[in-house]
Structures are given as structure tokens and as C-alpha cells.
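Step one of this worksheet: look at the structure below.
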Amino acid sequence: MNSTPHMSPRSASVTTAHIASRLPGLWLLRTDDIVAGSPTAVALEKLLSDEERARQQKFQGADQQHGFLLGRALMRRVLGKLSGTKPEALRFSRLPTGKPLLENAPELHFSLSHSGRWIALAVSENEAIGIDIEQPQKPRNFQRIARHYFHPQECALLDAPPRELMPVHFYRMWTLKEAFYKARGTGISEGLGRVDFSGFHLGQRAQFAADLPGRELPWQFFYAMFPLRDTSQLHLAVAGVDPAIGDLSANAIRRGMG
């Protein structure tokens, strides 16, 4: 398991520019990296399909529309480069589970996540992958949420002192769960409490419910927490069965549009 790195996502761009392009890959983009309405943003709009533009217009606020644009553009730019296809020529569909599929290169698996001002993308080859990010923006009753959705051992961890670690424990377990179910393509309705990450920060493996399909697969997980300038944190988790996920580090994260 990976320890929790503490580094600024903005400083990551300095160290990731020279990392060899290999999969699994992680990309992290802040929505104000590209100003809404700027020439760069206008150029990115040309990458979207008619269906994506229609979806973009359904968002009520300009910030949400801009975030959608950057998420889809990031995905198209990265997947286009990896598949050797023009970004605007990529075609997407969905599997019966609802998980997205890249028709031009179905061997590439990808996952996209939005939270606050941040967008994250994970890509793997031949193996399903899931990514989740959380930028906490308001107080939450962690114990109440956990009692409804978490495994009993995870609830016990949140109840244990020191209390100041409760938010970190909560968001670590929450993002790991979200990433896990996104990789599975089933969604969290399958049951957040059916996987137990209470020992993850101690290097222990995730524990699965005995009746959870696919529990025997060699699941791998990565988690990182980044301090932000507003004194909050960005929490990021990745899940999948690609063995290389377990070897990821914060330095593997590429900053920017790819």
C-alpha cells in the first residue's frame, strides 16, 4: 500500500513533465488553469461532439459548463494521444452497466472525476480502472454518514481518537470506495459497506464481503492527499486490477491538459 504524500498539485507539474508516458496514467487539472471564454477554452470547445455540447448546455451555471468542457477536453486530448486518433474523432458509447467505452480503442479503460475546482482522469490498458477525487467544501457529519454507508470497522476508526484525524480517515475511505465501484462499473448502489478500508492507512489490504462478486480479483488501490492553498485538502484515490496501480506515487500525476 502507498503512504499518503503531501505535496501541492501545482508543484507536481515541475516533476511530472519528464516522466515517461506509460499506463496506468493519472492527470489532474484545475478549472482555472484555463480561463473560461479564453482562446484556449474556445479552441477546446471544437473538440466536443454535438451530444457533448448539448450536455454542456444543460448545466445551469457558467462554472459548471466550463468544468464539463475541461473534463471532456482533457479526456479527448489524453485518449486521442494514447490511441493515435484526433481528439475530435473519438467515439464513446456505454456498456450495459453504464461504464463508458472508447470505441476507437476499447482496450483503453478510463475514469473521470470532478470535485470543486478539480478534474482528475485515470487511464489503464486492458484493465478496468476507477478514480475519485474530493475537494471538501462544507462541513459534514462524518459519523452520521458512516453509520448509514460504511463498514462497522470503518465506523470504529472514525470514532477512535484523535478526533482531528476523522476528516482525513473519512475522505480516504470515501474516495477509495468510489474509485473501487467506478472500476467495477456497478456504482455505489452495490453497497459501500461491502468493502472495508479501515486498515488501509496501516498498509492492510481491503476486506470484501464474502458475497461480493469479483472479490477474488487482485484489486489494487492508490490514495494521495494534497494540501491546497486555502488550507483544505484534495483527496484522490484510484482502484483497479492492474498490478501497476499499487506502485503509483504522487509523482506519477501529470498536471494540465495532457
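Ordering of the C-alpha cells sets the chain letters (A, B, ...); residue numbers start at 1 within each chain; ligands are numbered from 1 in the order shown.
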Quiz prompt | Filtered DSSP result for segment 17-78 of chain A, state helix (DSSP H, G or I), as a ChimeraX atom specification | solution = /A:31-33,39-45,50-57,62-78
Residues of the last selection are to be written out with C-alpha atoms, as a PDB file, in the first residue's frame.
ATOM      1  CA  THR A  31     -10.621  24.525 -13.776  1.00  0.00           C
ATOM      2  CA  ASP A  32      -8.955  27.930 -13.542  1.00  0.00           C
ATOM      3  CA  ASP A  33      -5.831  26.596 -15.267  1.00  0.00           C
ATOM      4  CA  PRO A  39      -8.906  31.496 -26.847  1.00  0.00           C
ATOM      5  CA  THR A  40      -7.692  28.205 -25.373  1.00  0.00           C
ATOM      6  CA  ALA A  41     -11.129  27.378 -23.984  1.00  0.00           C
ATOM      7  CA  VAL A  42     -12.798  28.306 -27.280  1.00  0.00           C
ATOM      8  CA  ALA A  43     -10.398  26.009 -29.140  1.00  0.00           C
ATOM      9  CA  LEU A  44     -11.187  23.157 -26.752  1.00  0.00           C
ATOM     10  CA  GLU A  45     -14.911  23.536 -27.434  1.00  0.00           C
ATOM     11  CA  ASP A  50     -22.751  17.690 -30.710  1.00  0.00           C
ATOM     12  CA  GLU A  51     -24.051  15.422 -27.952  1.00  0.00           C
ATOM     13  CA  GLU A  52     -21.420  16.708 -25.529  1.00  0.00           C
ATOM     14  CA  ARG A  53     -22.230  20.321 -26.362  1.00  0.00           C
ATOM     15  CA  ALA A  54     -25.891  19.633 -25.672  1.00  0.00           C
ATOM     16  CA  ARG A  55     -24.991  18.088 -22.315  1.00  0.00           C
ATOM     17  CA  GLN A  56     -22.796  21.084 -21.513  1.00  0.00           C
ATOM     18  CA  GLN A  57     -25.686  23.484 -22.058  1.00  0.00           C
ATOM     19  CA  ALA A  62     -21.116  29.059 -16.245  1.00  0.00           C
ATOM     20  CA  ASP A  63     -18.621  27.446 -13.857  1.00  0.00           C
ATOM     21  CA  GLN A  64     -20.304  24.061 -14.245  1.00  0.00           C
ATOM     22  CA  GLN A  65     -20.360  24.390 -18.033  1.00  0.00           C
ATOM     23  CA  HIS A  66     -16.680  25.304 -18.041  1.00  0.00           C
ATOM     24  CA  GLY A  67     -15.839  22.356 -15.785  1.00  0.00           C
ATOM     25  CA  PHE A  68     -17.712  19.980 -18.083  1.00  0.00           C
ATOM     26  CA  LEU A  69     -15.858  21.369 -21.101  1.00  0.00           C
ATOM     27  CA  LEU A  70     -12.460  20.902 -19.488  1.00  0.00           C
ATOM     28  CA  GLY A  71     -13.277  17.391 -18.300  1.00  0.00           C
ATOM     29  CA  ARG A  72     -14.357  16.211 -21.724  1.00  0.00           C
ATOM     30  CA  ALA A  73     -11.491  18.033 -23.441  1.00  0.00           C
ATOM     31  CA  LEU A  74      -8.942  16.508 -21.051  1.00  0.00           C
ATOM     32  CA  MET A  75     -10.354  13.060 -21.725  1.00  0.00           C
ATOM     33  CA  ARG A  76     -10.340  13.575 -25.501  1.00  0.00           C
ATOM     34  CA  ARG A  77      -6.825  15.040 -25.583  1.00  0.00           C
ATOM     35  CA  VAL A  78      -5.299  12.259 -23.486  1.00  0.00           C
TER      36      VAL A  78
END
Quiz item: How many Å separate atom CA of Ile253 of chain A from atom CA of Ser189 of chain A?
Solution: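 Distance reported for this atom pair: 29.1 Å.
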Quiz item: Taking into account only C-alpha atoms, which residue in the set A:Gly191, A:Gly256, A:Pro162, A:Gly246 is nearest to His148 of chain A?
Solution: A:Gly191
Practice problem: Assign secondary structure with DSSP using the backbone only, and return the residues of segment 78-171 of chain A in strand (DSSP E) as JSON, numbers by chain. | Solution: {"A": [92, 93, 94, 100, 101, 102, 108, 109, 110, 111, 112, 113, 114, 115, 118, 119, 120, 121, 122, 123, 124, 125, 129, 130, 131, 132, 133, 134]}
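Residue nearest Ser113 of chain A within the list A:His235, A:Arg205, A:Arg229, A:Arg147: A:His235 [criterion: smallest interatomic distance, only C-alpha atoms].
Picture a line from atom CA of Trp118 of chain A to atom CA of Leu29 of chain A; it runs 5.8 Å.
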Quiz item: From the list A:Met257, A:Lys99, A:Asn104, A:Pro227, which residue is nearest Thr85 of chain A when using only C-alpha atoms?
Solution: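 Checking each candidate against Thr85 of chain A, we get A:Asn104 as the closest.
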Quiz item: Leaving out Gln233 of chain A and any residue of its chain fewer than 6 positions from it, which residues lie within 8 Å of it when counting only C-alpha atoms, given as a list in words?
Solution: Gln135, Pro136, Met225, Phe226 and Pro227 of chain A
Take the residues from that selection and write them out as an mmCIF file, in the first residue's frame, keeping all heavy atoms.
data_model
loop_
_atom_site.group_PDB
_atom_site.id
_atom_site.type_symbol
_atom_site.label_atom_id
_atom_site.label_comp_id
_atom_site.auth_asym_id
_atom_site.auth_seq_id
_atom_site.Cartn_x
_atom_site.Cartn_y
_atom_site.Cartn_z
ATOM 1 N N GLN A 135 -12.792 17.428 -3.079
ATOM 2 C CA GLN A 135 -12.312 18.677 -2.520
ATOM 3 C C GLN A 135 -13.366 19.149 -1.520
ATOM 4 O O GLN A 135 -14.370 19.747 -1.903
ATOM 5 C CB GLN A 135 -12.092 19.739 -3.596
ATOM 6 C CG GLN A 135 -11.576 21.067 -3.049
ATOM 7 C CD GLN A 135 -11.559 22.178 -4.070
ATOM 8 O OE1 GLN A 135 -11.879 21.988 -5.237
ATOM 9 N NE2 GLN A 135 -11.190 23.377 -3.625
ATOM 10 N N PRO A 136 -13.191 18.871 -0.229
ATOM 11 C CA PRO A 136 -14.209 19.239 0.764
ATOM 12 C C PRO A 136 -14.487 20.737 0.735
ATOM 13 O O PRO A 136 -13.556 21.556 0.763
ATOM 14 C CB PRO A 136 -13.576 18.816 2.092
ATOM 15 C CG PRO A 136 -12.587 17.759 1.717
ATOM 16 C CD PRO A 136 -12.051 18.176 0.392
ATOM 17 N N MET A 225 -3.246 12.527 -0.674
ATOM 18 C CA MET A 225 -3.883 13.734 -0.164
ATOM 19 C C MET A 225 -2.957 14.910 -0.414
ATOM 20 O O MET A 225 -1.773 14.854 -0.072
ATOM 21 C CB MET A 225 -4.173 13.612 1.327
ATOM 22 C CG MET A 225 -4.877 14.838 1.914
ATOM 23 S SD MET A 225 -5.149 14.686 3.694
ATOM 24 C CE MET A 225 -3.452 14.868 4.295
ATOM 25 N N PHE A 226 -3.491 15.965 -1.032
ATOM 26 C CA PHE A 226 -2.697 17.133 -1.363
ATOM 27 C C PHE A 226 -3.182 18.353 -0.584
ATOM 28 O O PHE A 226 -4.359 18.714 -0.685
ATOM 29 C CB PHE A 226 -2.812 17.447 -2.860
ATOM 30 C CG PHE A 226 -2.417 16.312 -3.760
ATOM 31 C CD1 PHE A 226 -3.374 15.489 -4.313
ATOM 32 C CD2 PHE A 226 -1.086 16.080 -4.042
ATOM 33 C CE1 PHE A 226 -3.020 14.447 -5.145
ATOM 34 C CE2 PHE A 226 -0.712 15.035 -4.881
ATOM 35 C CZ PHE A 226 -1.684 14.218 -5.431
ATOM 36 N N PRO A 227 -2.325 19.006 0.161
ATOM 37 C CA PRO A 227 -2.709 20.273 0.802
ATOM 38 C C PRO A 227 -2.960 21.343 -0.260
ATOM 39 O O PRO A 227 -2.200 21.459 -1.227
ATOM 40 C CB PRO A 227 -1.498 20.630 1.665
ATOM 41 C CG PRO A 227 -0.696 19.357 1.771
ATOM 42 C CD PRO A 227 -0.958 18.599 0.516
#
Pick out the residues sitting within 7 Å of Ile131 of chain A, and hand them over as a CSV table (one decimal) with C-alpha atoms, in the first residue's frame; count only C-alpha atoms, and ignore anything fewer than 5 positions along from it in its own chain.
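Listing of result-v7.csv after writing:
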chain,number,residue,atom,x,y,z
A,111,SER,CA,-12.3,7.1,-15.5
A,112,LEU,CA,-13.1,10.8,-14.9
A,113,SER,CA,-13.9,12.6,-11.7
A,121,LEU,CA,-8.5,11.4,-15.2
A,122,ALA,CA,-7.2,7.8,-14.9
A,179,ALA,CA,-12.9,4.6,-7.1
A,237,ALA,CA,-8.0,7.5,-5.0
A,238,VAL,CA,-7.5,5.0,-7.8
A,239,ALA,CA,-8.7,1.4,-8.0
Practice problem: For Glu103 of chain A, work out the shell of residues within 9 Å, counting only C-alpha atoms and skipping chain neighbours fewer than 2 positions away, then give it as a PyMOL selection string. | Solution: chain A and resi 90-93+101+105-106
